[in-house]
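Here's the structure, in structure tokens; my notes come after.
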Amino acid sequence: MHVGIVGRGIALTQAINAYVQRKIAGALARHRNVLESVRMRLGDLNGPKGGRDKHCVLEVRARSLRPIVVREQHADLYAAIDRAAVRMDASLTRQRERRRSLRLRSIGVGRAD
């Protein structure tokens, strides 16, 4: 799975790129068959001043689902990436389960007559 990465105010090193690819591939592996595109924007709001200003915006487009966007902010860029990956997995799971439940309900599965 390829993740498009854009950085603003952050140098996108090979280490960051490899980390993002590995982390997102692992977190979204069970959704890989429905994913159409995965994009991540990384940034540093305050530059060298420090603080809780590293942000990560993860956007996923999947078949039959509306686009999902997760935003995370943390003092450590890697922590922001980790948290965004975990939240995206949970969001995709929730949307897919909701869609499955609605589909089953519409065809009458699970009704007690």
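Going by the structure tokens order, chains are called A, B, ..., each with residues numbered from 1, while ligands are numbered from 1 in the order shown.
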
Open item on the list: Could you list, as a ChimeraX atom specification, every residue within 12 Å of Ala11 in chain A, counting only C-alpha atoms and ignoring same-chain residues fewer than 6 positions away?
Closed with: /A:5,17,42-44,47,77

Can you write just those residues out, N, CA and C atoms, as a PDB file, in the first residue's frame?
```
ATOM      1  N   ILE A   5       2.719  11.237   1.019  1.00  0.00           N
ATOM      2  CA  ILE A   5       3.112  12.039   2.185  1.00  0.00           C
ATOM      3  C   ILE A   5       3.531  13.425   1.733  1.00  0.00           C
ATOM      4  N   ASN A  17       9.700   8.801   6.095  1.00  0.00           N
ATOM      5  CA  ASN A  17       8.939   8.182   5.019  1.00  0.00           C
ATOM      6  C   ASN A  17       8.778   6.677   5.255  1.00  0.00           C
ATOM      7  N   LEU A  42       2.058  16.072   7.113  1.00  0.00           N
ATOM      8  CA  LEU A  42       2.799  16.270   8.354  1.00  0.00           C
ATOM      9  C   LEU A  42       3.243  17.716   8.425  1.00  0.00           C
ATOM     10  N   GLY A  43       3.259  18.267   9.623  1.00  0.00           N
ATOM     11  CA  GLY A  43       3.694  19.648   9.753  1.00  0.00           C
ATOM     12  C   GLY A  43       4.192  19.977  11.140  1.00  0.00           C
ATOM     13  N   ASP A  44       4.890  21.092  11.204  1.00  0.00           N
ATOM     14  CA  ASP A  44       5.407  21.632  12.460  1.00  0.00           C
ATOM     15  C   ASP A  44       4.925  23.079  12.526  1.00  0.00           C
ATOM     16  N   GLY A  47       7.662  25.618  14.296  1.00  0.00           N
ATOM     17  CA  GLY A  47       9.061  25.531  13.896  1.00  0.00           C
ATOM     18  C   GLY A  47       9.940  25.120  15.055  1.00  0.00           C
ATOM     19  N   LEU A  77       6.544  13.932  16.628  1.00  0.00           N
ATOM     20  CA  LEU A  77       5.949  13.627  15.334  1.00  0.00           C
ATOM     21  C   LEU A  77       5.585  12.148  15.217  1.00  0.00           C
TER      22      LEU A  77
END
```

Open item on the list: Based on the backbone DSSP call, show me all residues of range 8-98 of chain A assigned strand (DSSP E or B), as a PyMOL selection string.
Closed with: chain A and resi 8+35-44+54-62+68-74

- [ ] Just the residues within 12 Å of range 51-66 of chain A, please, counting only C-alpha atoms, with nothing from its chain fewer than 6 positions along; format it as a VMD selection string.
- [x] chain A and resid 1 to 10 20 24 28 31 to 45 72 to 89 91 to 100 103

Open item on the list: as a list in words, please: every residue in range 30-64 of chain A that DSSP puts in helix (DSSP H, G or I).
Closed with: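 Filtering range 30-64 of chain A to helix (DSSP H, G or I) leaves Arg30, His31, Gly47, Pro48 and Lys49 of chain A.
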
- [ ] Figure out the distance between CA of Ala29 in chain A and CA of Leu12 in chain A, please, to one decimal in Å.
- [x] 23.5 Å

Task: For CA of Pro67 in chain A and CA of Ala90 in chain A, the interatomic separation in Å (one decimal) - done: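 Separation between CA of Pro67 in chain A and CA of Ala90 in chain A: 14.1 Å.
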
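Here CA of Ile68 in chain A stands at a distance of 18.7 Å from CA of Leu102 in chain A.
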